[in-house]
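These notes concern the structure reproduced below.
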Amino acid sequence: MQDSTPPLVVGIDVGGTKTHLRAFAGDDLVADHVRPSSGWRPHDPVAAAGWLAALVAGALPAGARPAAVAVGGHACETPRQCAQIRTALQLHFDAPALVVGDAELLVPAAGLDRGVGLVAGTGSVAVARLEDGSPVQVGGWGAVLGDEGGSAGLVREAARAAWAAHDRGDEPDELAKGLMAAFDVAETPALGAALEGASDVSAEWGRHAPVVFAAAEAGSGLARTVIAEGGRSLAGLVERLAGRGVVVDDVVVAGSTVLAQPALYDAFVSALAESVPAARPRPLGVPPVEGAVTMARSLV
């Protein structure tokens, strides 16, 4: 007699801070598990696959075996890197698997077949696929050199704006005062050593991003300029994808910074309307892990 049990599919969103796993048997939710992403090592495929396998084993009921697993992994930056993790992961499961960068979950999570996925959380990145299915990523180069429009990049640019004002002989405004308080320094020049001394640049810079938005609300012209430039930088990611031949009609937007801060989102939307008028921004209203579940279903 044929087994009529629906296949068990597992979707995983490994973010920079937390990991979200959802598993379904048909329409029935079998597991919905969130844990910290500590221990995730995407540049070591064997370690990454072992970490994912342990996550699945701990989240699913005893004895449950997935029919398919799809993963969106933070810092899984190239197709080759993702393929290596997938190959190692398939050694743990007798089932098809798919591994992509975490930003690639946004478009399927929104119920779309194609479009741009744009994330602005701690960092920023935009991804899409060409007509032949080849993945394209722009941005995502880390807080020291890039990630404009993400929280860490905003803090970096805010510090630069405060330093420039100091060099002009201006008195510290609300932005400079807020940054000095956040980094516990007595004067604007000392911000440099405070930023450079961070052990985890993205996390330690990024957690101070609310200072920038608070300063803007308090009337800081510097902070407002930093936010406007951040929005233009995010729109620039979409424009860069369009320049590479990607269809950018739909831009699915997610991330703890851009969706939590209306000033940044509005700046992005305004800049996008100017640079890529045909693009439609769509804030993602469901957890990105839904995109991983959709991908896992496609493998069965």
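Ordering of the structure tokens sets the chain letters (A, B, ...), residue numbers begin anew at 1 in every chain, and ligands are numbered from 1 in the order given.
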
Applying 10 Å and only C-alpha atoms, which residues near Leu55 of chain A remain after dropping the ones on its own chain fewer than 6 positions away? List them as a ChimeraX atom specification.
/A:12,19-21,33-35,49

Please save N, CA and C atoms of the selected residues as an mmCIF file, in the first residue's frame.
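The file below, out.cif, is the result:
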```
data_model
loop_
_atom_site.group_PDB
_atom_site.id
_atom_site.type_symbol
_atom_site.label_atom_id
_atom_site.label_comp_id
_atom_site.auth_asym_id
_atom_site.auth_seq_id
_atom_site.Cartn_x
_atom_site.Cartn_y
_atom_site.Cartn_z
ATOM 1 N N ILE A 12 15.051 26.866 5.839
ATOM 2 C CA ILE A 12 15.896 27.470 6.867
ATOM 3 C C ILE A 12 16.411 28.817 6.380
ATOM 4 N N THR A 19 18.579 32.417 13.366
ATOM 5 C CA THR A 19 18.222 31.428 12.362
ATOM 6 C C THR A 19 16.793 30.969 12.599
ATOM 7 N N HIS A 20 16.033 30.876 11.509
ATOM 8 C CA HIS A 20 14.624 30.495 11.581
ATOM 9 C C HIS A 20 14.409 29.262 10.712
ATOM 10 N N LEU A 21 13.884 28.199 11.306
ATOM 11 C CA LEU A 21 13.569 26.956 10.594
ATOM 12 C C LEU A 21 12.067 26.719 10.645
ATOM 13 N N HIS A 33 11.059 26.939 14.487
ATOM 14 C CA HIS A 33 12.143 27.000 15.465
ATOM 15 C C HIS A 33 13.054 28.184 15.167
ATOM 16 N N VAL A 34 13.349 29.001 16.191
ATOM 17 C CA VAL A 34 14.263 30.132 16.058
ATOM 18 C C VAL A 34 15.387 29.977 17.076
ATOM 19 N N ARG A 35 16.607 30.199 16.635
ATOM 20 C CA ARG A 35 17.758 30.107 17.525
ATOM 21 C C ARG A 35 18.824 31.093 17.059
ATOM 22 N N ALA A 49 27.530 22.494 6.882
ATOM 23 C CA ALA A 49 26.567 21.407 6.674
ATOM 24 C C ALA A 49 26.285 20.664 7.976
#
```

Per-residue DSSP, segment 51-280 of chain A, filtered to alpha helix (DSSP H), as an MDAnalysis selection string:
chainID A and resid 51:59 79:90 106:109 151:167 174:182 191:196 201:206 209:217 221:243 262:275

Near-segment 83-88 of chain A list (6 Å; only C-alpha atoms; drop same-chain fewer than 6 positions) as a tab-separated table (two decimals) with N, CA and C atoms, in the first residue's frame:
```tsv
chain	number	residue	atom	x	y	z
A	45	PRO	N	32.48	24.61	4.32
A	45	PRO	CA	31.29	23.86	3.90
A	45	PRO	C	30.95	22.66	4.78
A	46	VAL	N	31.96	21.92	5.20
A	46	VAL	CA	31.70	20.75	6.03
A	46	VAL	C	31.13	21.16	7.38
A	49	ALA	N	27.53	22.49	6.88
A	49	ALA	CA	26.57	21.41	6.67
A	49	ALA	C	26.29	20.66	7.98
A	98	LEU	N	18.98	22.49	-1.36
A	98	LEU	CA	19.33	23.71	-2.09
A	98	LEU	C	19.87	24.71	-1.09
A	99	VAL	N	20.97	25.37	-1.44
A	99	VAL	CA	21.55	26.39	-0.57
A	99	VAL	C	21.79	27.64	-1.41
```

What are the closest atom pairs, with distances in Å to one decimal, for all residues of segment 223-249 of chain A lying within 12 Å of segment 170-178 of chain A? Consider only C-alpha atoms, order rows by chain and residue number, and present the result as a tab-separated table.
```
residue	atom	partner	partner_atom	distance
A:Ala223	CA	A:Leu175	CA	6.0
A:Arg224	CA	A:Leu175	CA	9.6
A:Thr225	CA	A:Leu175	CA	11.0
A:Val226	CA	A:Leu175	CA	10.1
A:Ile227	CA	A:Leu175	CA	11.7
```

Include N, CA and C atoms and write out the residues we just selected as a PDB file, in the first residue's frame.
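The result, stored in selection_8.pdb:
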```pdb
ATOM      1  N   ALA A 223      22.378  64.419  10.218  1.00  0.00           N
ATOM      2  CA  ALA A 223      21.757  63.100  10.294  1.00  0.00           C
ATOM      3  C   ALA A 223      20.769  62.895   9.145  1.00  0.00           C
ATOM      4  N   ARG A 224      20.022  63.927   8.830  1.00  0.00           N
ATOM      5  CA  ARG A 224      19.069  63.812   7.730  1.00  0.00           C
ATOM      6  C   ARG A 224      19.785  63.571   6.409  1.00  0.00           C
ATOM      7  N   THR A 225      20.925  64.204   6.229  1.00  0.00           N
ATOM      8  CA  THR A 225      21.703  63.984   5.008  1.00  0.00           C
ATOM      9  C   THR A 225      22.241  62.563   4.952  1.00  0.00           C
ATOM     10  N   VAL A 226      22.717  62.054   6.083  1.00  0.00           N
ATOM     11  CA  VAL A 226      23.224  60.684   6.130  1.00  0.00           C
ATOM     12  C   VAL A 226      22.116  59.698   5.763  1.00  0.00           C
ATOM     13  N   ILE A 227      20.925  59.902   6.278  1.00  0.00           N
ATOM     14  CA  ILE A 227      19.806  59.010   5.979  1.00  0.00           C
ATOM     15  C   ILE A 227      19.409  59.103   4.511  1.00  0.00           C
TER      16      ILE A 227
END
```

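Neighbouring residues of His74 of chain A at 9 Å or closer, counting only C-alpha atoms and skipping chain neighbours under 5 positions away, are Asp13, Val14, Gly15, Gly16, Trp40, Pro42, Val100, Gly101, Asp102 and Ala103 of chain A.
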
Keeping N, CA and C atoms, export the residues of the selection given above as a PDB file, in the first residue's frame.
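Saved the output as selection04.pdb:
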```
ATOM      1  N   ASP A  13      16.242  29.826   7.202  1.00  0.00           N
ATOM      2  CA  ASP A  13      16.808  31.159   6.960  1.00  0.00           C
ATOM      3  C   ASP A  13      17.881  31.402   8.017  1.00  0.00           C
ATOM      4  N   VAL A  14      19.143  31.332   7.597  1.00  0.00           N
ATOM      5  CA  VAL A  14      20.260  31.588   8.509  1.00  0.00           C
ATOM      6  C   VAL A  14      20.645  33.056   8.360  1.00  0.00           C
ATOM      7  N   GLY A  15      20.203  33.890   9.282  1.00  0.00           N
ATOM      8  CA  GLY A  15      20.532  35.309   9.242  1.00  0.00           C
ATOM      9  C   GLY A  15      21.825  35.600   9.974  1.00  0.00           C
ATOM     10  N   GLY A  16      22.213  36.859   9.947  1.00  0.00           N
ATOM     11  CA  GLY A  16      23.447  37.230  10.619  1.00  0.00           C
ATOM     12  C   GLY A  16      23.350  37.126  12.123  1.00  0.00           C
ATOM     13  N   TRP A  40      27.566  29.442  13.021  1.00  0.00           N
ATOM     14  CA  TRP A  40      27.412  29.328  11.565  1.00  0.00           C
ATOM     15  C   TRP A  40      28.712  29.765  10.881  1.00  0.00           C
ATOM     16  N   PRO A  42      29.895  29.720   7.197  1.00  0.00           N
ATOM     17  CA  PRO A  42      29.610  29.437   5.783  1.00  0.00           C
ATOM     18  C   PRO A  42      30.842  29.252   4.907  1.00  0.00           C
ATOM     19  N   VAL A 100      21.262  28.778  -0.957  1.00  0.00           N
ATOM     20  CA  VAL A 100      21.436  30.061  -1.626  1.00  0.00           C
ATOM     21  C   VAL A 100      21.778  31.117  -0.573  1.00  0.00           C
ATOM     22  N   GLY A 101      22.134  32.314  -1.006  1.00  0.00           N
ATOM     23  CA  GLY A 101      22.315  33.406  -0.075  1.00  0.00           C
ATOM     24  C   GLY A 101      20.982  33.789   0.549  1.00  0.00           C
ATOM     25  N   ASP A 102      21.012  34.297   1.784  1.00  0.00           N
ATOM     26  CA  ASP A 102      19.752  34.543   2.485  1.00  0.00           C
ATOM     27  C   ASP A 102      18.878  35.592   1.805  1.00  0.00           C
ATOM     28  N   ALA A 103      19.465  36.540   1.083  1.00  0.00           N
ATOM     29  CA  ALA A 103      18.656  37.557   0.405  1.00  0.00           C
ATOM     30  C   ALA A 103      17.819  36.955  -0.717  1.00  0.00           C
TER      31      ALA A 103
END
```

In segment 50-272 of chain A, what's strand (DSSP E or B) per DSSP? Answer as a PyMOL selection string?
chain A and resi 68-73+97-101+116-120+124-129+135-139+250-254

Would you pick out the contacts of Leu284 of chain A at 8 Å or less, using only C-alpha atoms, so that residues sharing its chain but fewer than 6 positions from it are not included, and give the list as a VMD selection string?
chain A and resid 106 109 to 110 252 to 254

Hey, which of A:Gly206, A:Gly153, A:Pro189, A:Gly219 ends up closest to Gly231 of chain A? Count only C-alpha atoms.
A:Gly153

Point out the residue among A:Gly115, A:Gly72, A:Pro135, A:Gly230 with the least atom-to-atom distance to Leu154 of chain A, counting only C-alpha atoms.
A:Gly230

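Atom CA of Pro287 of chain A to atom CA of Gly111 of chain A spans 12.1 Å [interatomic distance, one decimal].
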
So which residues touch Glu131 of chain A within 12 Å, counting only C-alpha atoms, skipping near sequence neighbours fewer than 4 positions away, as an mmCIF file with N, CA and C atoms, in the first residue's frame?
```cif
data_model
loop_
_atom_site.group_PDB
_atom_site.id
_atom_site.type_symbol
_atom_site.label_atom_id
_atom_site.label_comp_id
_atom_site.auth_asym_id
_atom_site.auth_seq_id
_atom_site.Cartn_x
_atom_site.Cartn_y
_atom_site.Cartn_z
ATOM 1 N N ASP A 113 7.871 34.956 -8.799
ATOM 2 C CA ASP A 113 8.789 34.065 -9.507
ATOM 3 C C ASP A 113 10.117 34.749 -9.804
ATOM 4 N N ARG A 114 10.085 36.077 -9.943
ATOM 5 C CA ARG A 114 11.323 36.794 -10.209
ATOM 6 C C ARG A 114 11.208 38.208 -9.640
ATOM 7 N N GLY A 115 12.346 38.846 -9.501
ATOM 8 C CA GLY A 115 12.384 40.186 -8.931
ATOM 9 C C GLY A 115 13.695 40.374 -8.209
ATOM 10 N N PRO A 135 22.600 33.745 -10.892
ATOM 11 C CA PRO A 135 22.427 34.704 -9.804
ATOM 12 C C PRO A 135 23.342 35.914 -9.954
ATOM 13 N N VAL A 136 22.850 37.064 -9.514
ATOM 14 C CA VAL A 136 23.639 38.294 -9.511
ATOM 15 C C VAL A 136 23.487 38.944 -8.143
ATOM 16 N N ARG A 244 22.900 45.596 -15.228
ATOM 17 C CA ARG A 244 23.456 44.298 -15.601
ATOM 18 C C ARG A 244 22.433 43.408 -16.294
ATOM 19 N N GLY A 245 21.301 43.987 -16.657
ATOM 20 C CA GLY A 245 20.321 43.254 -17.440
ATOM 21 C C GLY A 245 19.257 42.545 -16.640
ATOM 22 N N VAL A 246 19.176 42.816 -15.342
ATOM 23 C CA VAL A 246 18.166 42.179 -14.498
ATOM 24 C C VAL A 246 16.834 42.917 -14.641
ATOM 25 N N VAL A 247 15.735 42.157 -14.684
ATOM 26 C CA VAL A 247 14.407 42.760 -14.643
ATOM 27 C C VAL A 247 14.135 43.185 -13.209
ATOM 28 N N VAL A 248 13.911 44.468 -12.996
ATOM 29 C CA VAL A 248 13.799 45.006 -11.636
ATOM 30 C C VAL A 248 12.412 45.591 -11.369
#
```
